[in-house]
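I have placed the structure first, in the form of structure tokens, so that the comments after it can refer back to it.
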There are 2 protein chains.
Amino acid sequence: MQLRMTNQREIILRELRRCKKHLTADELYDMVKKDMPRISLATVYRNLEILSEAGLIGKLEISGRQKRFDYEVEVHDHIYCVVCHRVDNLNIERNEIDAKGLAAAKGYTVTGYRLEAIGVCLECQKKESKKEGLK
Amino acid sequence: MQLRMTNQREIILRELRRCKKHLTADELYDMVKKDMPRISLATVYRNLEILSEAGLIGKLEISGRQKRFDYEVEVHDHIYCVVCHRVDNLNIERNEIDAKGLAAAKGYTVTGYRLEAIGVCLECQKKESKKEGLK
DNA sequence: TTACATTTAGGATTAATTACTAATAATTGG
DNA sequence: CCAATTATTAGTAATTAATCCTAAATGTAA
């Protein structure tokens with residue numbers, strides 16, 4: 001099966017790269033609709049899956065939440081806001097962690113790892129402190 | 001609102017601790033039904049949420065489809081099988097990683113992190129090699 | 001330009017989880 | 001102990017995110 005770079009695919013890819021955020025399928029759907037009003041949500045889902053399979057974009061899966069897609073393909077880590085669920089990139093020296101204890105996982109063939117910091121983003125901190133002020 | 005330790009809650013907690021696995025709500029539902037056939041799936045979901053809020057169990061929102069719940073409360077990491085989706089504990093020295101680059105996440109208040117190794121478990125490796133043999 | 005493969009829109013379907021509701025059970029104050 | 005209050009339950013409906021399905025459309029290749 002050969003991959004065709006259709007209009008739909010191109011726009012999805014372009015929008016994701018252009019806005020440099022970790023978007024969900026439906027967020028991207030809303031953006032893409034502006035350029036291509038008749039595109040279907042299923043097409044967005046399908047193509048995000050295909051593009052990530054092809055290694056053109058990255059996919060972020062955190063269970064219980066929506067998948068997010070990543071404009072940046074190289075391996076890197078993320079930080080996640082527990083309040084608004086946004087995801088940002090995180091720059092950590094990966095080689096310090098690698099290998100280390102991973103082999104410890106008895107029996108497993110380890111292919112990689114995912115490191116995800118958890119916290120509250122700046123915007124949400126501001127909102128929180130506003131709320132505090134009202135008390 | 002005060003927390004009552006009901007029969008349902010007790011059995012859910014006991015089963016999760018007894019089998020020492022990272023179970024999904026519906027797996028646990030099947031186990032608990034043996035002791036309490038009329039329990040409702042919604043009760044299992046609700047109580048897992050409540051128990052994890054109360055700090056009596058852990059909740060795993062790692063990649064994959066379903067949430068899993070953890071008999072072990074102390075902070076630790078996990079390894080995830082991409083084939084069968086099982087999750088096992090992982091023993092890594094946490095203090096070596098901590099703090100490090102996490103502050104790098106500009107603006108975020110970091111409360112912790114999640115480290116998740118990814119690989120293929122022993123059972124699935126065996127199954128794979130069997131399949132290979134058949135070719 | 002005909003045959004074949006891939007992709008699409010749009011709606012239907014599924015899977016996991018949460019919300020709702022009336023009934024039940026525990027807890028508290030008297 | 002009894003009424004009033006509060007928490008919890010079973011069972012089901014609703015919601016959410018994602019995937020599947022189908023006929024039509026589009027691209028590719030001979």
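Each chain in the structure tokens gets a letter, A, B, ..., in the order shown, and its residues are numbered from 1; ligands are numbered from 1 in order too.
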- Task: Would you give me, as number ranges by chain, the residues of chain C that come within 10 Å of chain A, using only C-alpha atoms (C1' of nucleotides)?
- Result: C: 5-10, 16-17
So that I have them on file, write out the residues from the current selection with C-alpha atoms (C1' of nucleotides), as an mmCIF file, in the first residue's frame.
```cif
data_model
loop_
_atom_site.group_PDB
_atom_site.id
_atom_site.type_symbol
_atom_site.label_atom_id
_atom_site.label_comp_id
_atom_site.auth_asym_id
_atom_site.auth_seq_id
_atom_site.Cartn_x
_atom_site.Cartn_y
_atom_site.Cartn_z
ATOM 1 C "C1'" DA C 5 -6.089 0.725 -5.712
ATOM 2 C "C1'" DT C 6 -6.538 4.261 -2.362
ATOM 3 C "C1'" DT C 7 -9.009 7.655 -0.097
ATOM 4 C "C1'" DT C 8 -12.909 10.206 1.080
ATOM 5 C "C1'" DA C 9 -17.414 12.013 3.546
ATOM 6 C "C1'" DG C 10 -20.758 10.963 6.422
ATOM 7 C "C1'" DA C 16 -14.717 2.842 28.149
ATOM 8 C "C1'" DT C 17 -16.394 5.616 31.420
#
```
- Write out as a ChimeraX atom specification every residue belonging to chain D that has an atom at most 12 Å from any atom of chain A, counting only C-alpha atoms (C1' of nucleotides). /D:16-21,26-28
- Task: Find the residues near Gly55 (chain B): any atom within 10 Å, counting only C-alpha atoms (C1' of nucleotides), skip ones fewer than 6 places away on the same chain, and give them as an MDAnalysis selection string.
- Result: chainID B and resid 49 73:74
Selected residues, N, CA and C atoms, written as a short mmCIF file (atom, residue, chain, number, x, y, z; two decimals), in the first residue's frame, please.
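Generated output (again-v1.cif):
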```cif
data_model
loop_
_atom_site.label_atom_id
_atom_site.label_comp_id
_atom_site.auth_asym_id
_atom_site.auth_seq_id
_atom_site.Cartn_x
_atom_site.Cartn_y
_atom_site.Cartn_z
N GLU B 49 -12.29 4.90 41.77
CA GLU B 49 -12.00 6.34 41.75
C GLU B 49 -11.89 6.88 43.17
N VAL B 73 0.79 1.57 46.70
CA VAL B 73 0.50 3.00 46.75
C VAL B 73 1.74 3.88 46.59
N GLU B 74 2.87 3.40 47.12
CA GLU B 74 4.08 4.23 47.03
C GLU B 74 4.45 4.54 45.57
#
```
- Task: Show me which bits of chain A are within 12 Å of chain B, counting only C-alpha atoms, as a ChimeraX atom specification.
- Result: /A:59-68,77-83,86-126
Output file for the selection above: C-alpha atoms, as a short mmCIF file (atom, residue, chain, number, x, y, z; two decimals), in the first residue's frame:
```cif
data_model
loop_
_atom_site.label_atom_id
_atom_site.label_comp_id
_atom_site.auth_asym_id
_atom_site.auth_seq_id
_atom_site.Cartn_x
_atom_site.Cartn_y
_atom_site.Cartn_z
CA LYS A 59 1.46 10.30 18.82
CA LEU A 60 0.95 10.81 22.56
CA GLU A 61 -1.20 8.38 24.44
CA ILE A 62 -2.21 8.92 28.03
CA SER A 63 -5.04 6.64 29.01
CA GLY A 64 -8.18 8.29 30.21
CA ARG A 65 -7.40 11.31 28.07
CA GLN A 66 -7.57 12.10 24.41
CA LYS A 67 -4.68 11.23 22.20
CA ARG A 68 -2.56 14.16 21.17
CA ASP A 77 9.73 14.06 26.77
CA HIS A 78 6.67 15.98 27.81
CA ILE A 79 5.11 17.86 30.65
CA TYR A 80 1.44 17.68 31.30
CA CYS A 81 -0.83 20.17 33.04
CA VAL A 82 -3.24 18.37 35.35
CA VAL A 83 -5.64 21.30 35.28
CA ARG A 86 -2.21 20.79 27.82
CA VAL A 87 1.08 19.16 26.95
CA ASP A 88 4.42 20.87 26.36
CA ASN A 89 7.82 19.66 25.35
CA LEU A 90 10.41 19.00 28.00
CA ASN A 91 14.13 19.13 27.47
CA ILE A 92 15.89 16.54 29.53
CA GLU A 93 19.18 14.83 28.79
CA ARG A 94 17.92 11.46 27.75
CA ASN A 95 21.21 9.59 27.76
CA GLU A 96 21.52 9.94 31.53
CA ILE A 97 18.44 7.93 32.06
CA ASP A 98 18.49 5.45 29.20
CA ALA A 99 19.58 1.88 29.73
CA LYS A 100 20.00 2.40 33.50
CA GLY A 101 17.49 0.35 35.36
CA LEU A 102 15.40 -0.48 32.40
CA ALA A 103 16.92 -3.89 31.93
CA ALA A 104 15.72 -4.47 35.46
CA ALA A 105 12.36 -5.22 34.02
CA LYS A 106 12.86 -8.93 34.10
CA GLY A 107 12.04 -10.69 30.92
CA TYR A 108 10.88 -7.64 29.02
CA THR A 109 12.48 -6.57 25.78
CA VAL A 110 12.64 -2.83 26.34
CA THR A 111 12.24 -0.70 23.26
CA GLY A 112 12.10 2.71 24.88
CA TYR A 113 10.50 4.72 27.60
CA ARG A 114 8.24 7.63 28.14
CA LEU A 115 8.99 10.28 30.74
CA GLU A 116 6.24 12.65 31.51
CA ALA A 117 6.47 15.41 34.08
CA ILE A 118 3.25 16.35 35.81
CA GLY A 119 2.36 19.78 37.06
CA VAL A 120 0.38 22.94 36.62
CA CYS A 121 1.08 25.28 33.74
CA LEU A 122 1.64 29.00 34.13
CA GLU A 123 -1.80 29.98 32.82
CA CYS A 124 -3.56 27.67 35.26
CA GLN A 125 -1.44 28.91 38.16
CA LYS A 126 -2.55 32.44 37.35
#
```
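Fitting chain A onto chain B across all of their Cα atoms brings the RMSD down to 0.6 Å.
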- Item | Members of region 4-112 of chain A assigned alpha helix (DSSP H) by DSSP, as number ranges by chain | A: 7-19, 25-35, 41-53
Residues from the last selection, N, CA and C atoms, saved as a short mmCIF file (atom, residue, chain, number, x, y, z; two decimals), in the first residue's frame:
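Listing of part22.cif after writing:
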```cif
data_model
loop_
_atom_site.label_atom_id
_atom_site.label_comp_id
_atom_site.auth_asym_id
_atom_site.auth_seq_id
_atom_site.Cartn_x
_atom_site.Cartn_y
_atom_site.Cartn_z
N ASN A 7 -4.69 16.11 -0.48
CA ASN A 7 -4.95 17.45 0.05
C ASN A 7 -5.23 17.44 1.54
N GLN A 8 -6.13 16.56 1.92
CA GLN A 8 -6.51 16.45 3.33
C GLN A 8 -5.29 16.21 4.20
N ARG A 9 -4.49 15.26 3.78
CA ARG A 9 -3.30 14.90 4.54
C ARG A 9 -2.34 16.08 4.65
N GLU A 10 -2.20 16.78 3.55
CA GLU A 10 -1.25 17.89 3.51
C GLU A 10 -1.67 19.00 4.47
N ILE A 11 -2.95 19.30 4.44
CA ILE A 11 -3.45 20.38 5.31
C ILE A 11 -3.34 20.00 6.78
N ILE A 12 -3.70 18.77 7.10
CA ILE A 12 -3.59 18.29 8.48
C ILE A 12 -2.16 18.43 8.96
N LEU A 13 -1.24 17.97 8.13
CA LEU A 13 0.18 18.02 8.47
C LEU A 13 0.66 19.46 8.63
N ARG A 14 0.26 20.29 7.69
CA ARG A 14 0.67 21.69 7.71
C ARG A 14 0.16 22.41 8.96
N GLU A 15 -1.11 22.24 9.28
CA GLU A 15 -1.69 22.91 10.43
C GLU A 15 -1.03 22.47 11.74
N LEU A 16 -0.78 21.15 11.84
CA LEU A 16 -0.17 20.64 13.06
C LEU A 16 1.22 21.24 13.25
N ARG A 17 1.96 21.33 12.15
CA ARG A 17 3.31 21.87 12.24
C ARG A 17 3.30 23.37 12.47
N ARG A 18 2.34 24.01 11.84
CA ARG A 18 2.29 25.46 11.90
C ARG A 18 2.02 25.94 13.33
N CYS A 19 1.10 25.31 14.02
CA CYS A 19 0.71 25.88 15.30
C CYS A 19 1.53 25.33 16.46
N ALA A 25 -7.29 15.27 18.03
CA ALA A 25 -7.89 15.14 16.70
C ALA A 25 -8.99 16.17 16.49
N ASP A 26 -9.79 16.39 17.49
CA ASP A 26 -10.92 17.31 17.26
C ASP A 26 -10.49 18.77 17.25
N GLU A 27 -9.45 19.11 17.99
CA GLU A 27 -8.92 20.47 17.89
C GLU A 27 -8.40 20.72 16.47
N LEU A 28 -7.69 19.74 15.97
CA LEU A 28 -7.13 19.85 14.63
C LEU A 28 -8.25 19.89 13.58
N TYR A 29 -9.26 19.11 13.83
CA TYR A 29 -10.43 19.09 12.95
C TYR A 29 -11.00 20.50 12.80
N ASP A 30 -11.16 21.19 13.92
CA ASP A 30 -11.69 22.55 13.89
C ASP A 30 -10.80 23.49 13.08
N MET A 31 -9.50 23.32 13.20
CA MET A 31 -8.59 24.19 12.49
C MET A 31 -8.60 23.91 10.99
N VAL A 32 -8.59 22.63 10.67
CA VAL A 32 -8.52 22.22 9.27
C VAL A 32 -9.80 22.59 8.52
N LYS A 33 -10.91 22.57 9.24
CA LYS A 33 -12.19 22.90 8.62
C LYS A 33 -12.20 24.29 8.00
N LYS A 34 -11.40 25.19 8.56
CA LYS A 34 -11.35 26.54 8.01
C LYS A 34 -10.83 26.56 6.57
N ASP A 35 -9.89 25.66 6.29
CA ASP A 35 -9.34 25.57 4.93
C ASP A 35 -10.13 24.62 4.05
N LEU A 41 -14.43 14.35 10.29
CA LEU A 41 -13.64 14.07 11.50
C LEU A 41 -12.94 12.72 11.39
N ALA A 42 -13.63 11.76 10.80
CA ALA A 42 -13.04 10.43 10.63
C ALA A 42 -11.78 10.50 9.78
N THR A 43 -11.79 11.37 8.81
CA THR A 43 -10.61 11.55 7.95
C THR A 43 -9.44 12.09 8.76
N VAL A 44 -9.73 13.01 9.66
CA VAL A 44 -8.67 13.56 10.50
C VAL A 44 -8.10 12.45 11.38
N TYR A 45 -8.96 11.70 12.02
CA TYR A 45 -8.50 10.60 12.86
C TYR A 45 -7.66 9.61 12.05
N ARG A 46 -8.21 9.19 10.93
CA ARG A 46 -7.53 8.19 10.12
C ARG A 46 -6.15 8.67 9.68
N ASN A 47 -6.09 9.91 9.23
CA ASN A 47 -4.83 10.42 8.71
C ASN A 47 -3.80 10.68 9.80
N LEU A 48 -4.25 11.11 10.96
CA LEU A 48 -3.30 11.29 12.06
C LEU A 48 -2.66 9.95 12.39
N GLU A 49 -3.48 8.92 12.37
CA GLU A 49 -2.97 7.58 12.64
C GLU A 49 -1.95 7.16 11.57
N ILE A 50 -2.32 7.38 10.32
CA ILE A 50 -1.46 7.00 9.21
C ILE A 50 -0.16 7.80 9.21
N LEU A 51 -0.28 9.09 9.47
CA LEU A 51 0.91 9.94 9.47
C LEU A 51 1.86 9.58 10.60
N SER A 52 1.30 9.19 11.73
CA SER A 52 2.19 8.83 12.83
C SER A 52 2.83 7.47 12.58
N GLU A 53 2.09 6.59 11.93
CA GLU A 53 2.64 5.30 11.53
C GLU A 53 3.81 5.51 10.56
#
```
- Message: DSSP on the backbone: which residues in region 41-119 of chain B end up as strand (DSSP E)? Give the answer as a ChimeraX atom specification.
- Response: /B:58-60,68-70,77-81,87-90,109-119
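Shortest separation to DC2 (chain D) among C:DA12, C:DG30, C:DC4, C:DA19 occurs at residue C:DG30, atoms counted being only C-alpha atoms (C1' of nucleotides).
One finds C1' of DA25 (chain C) at 27.3 Å from CA of Phe69 (chain B).
Here CA of Ala54 (chain A) and CA of His85 (chain B) stand 22.4 Å from one another.
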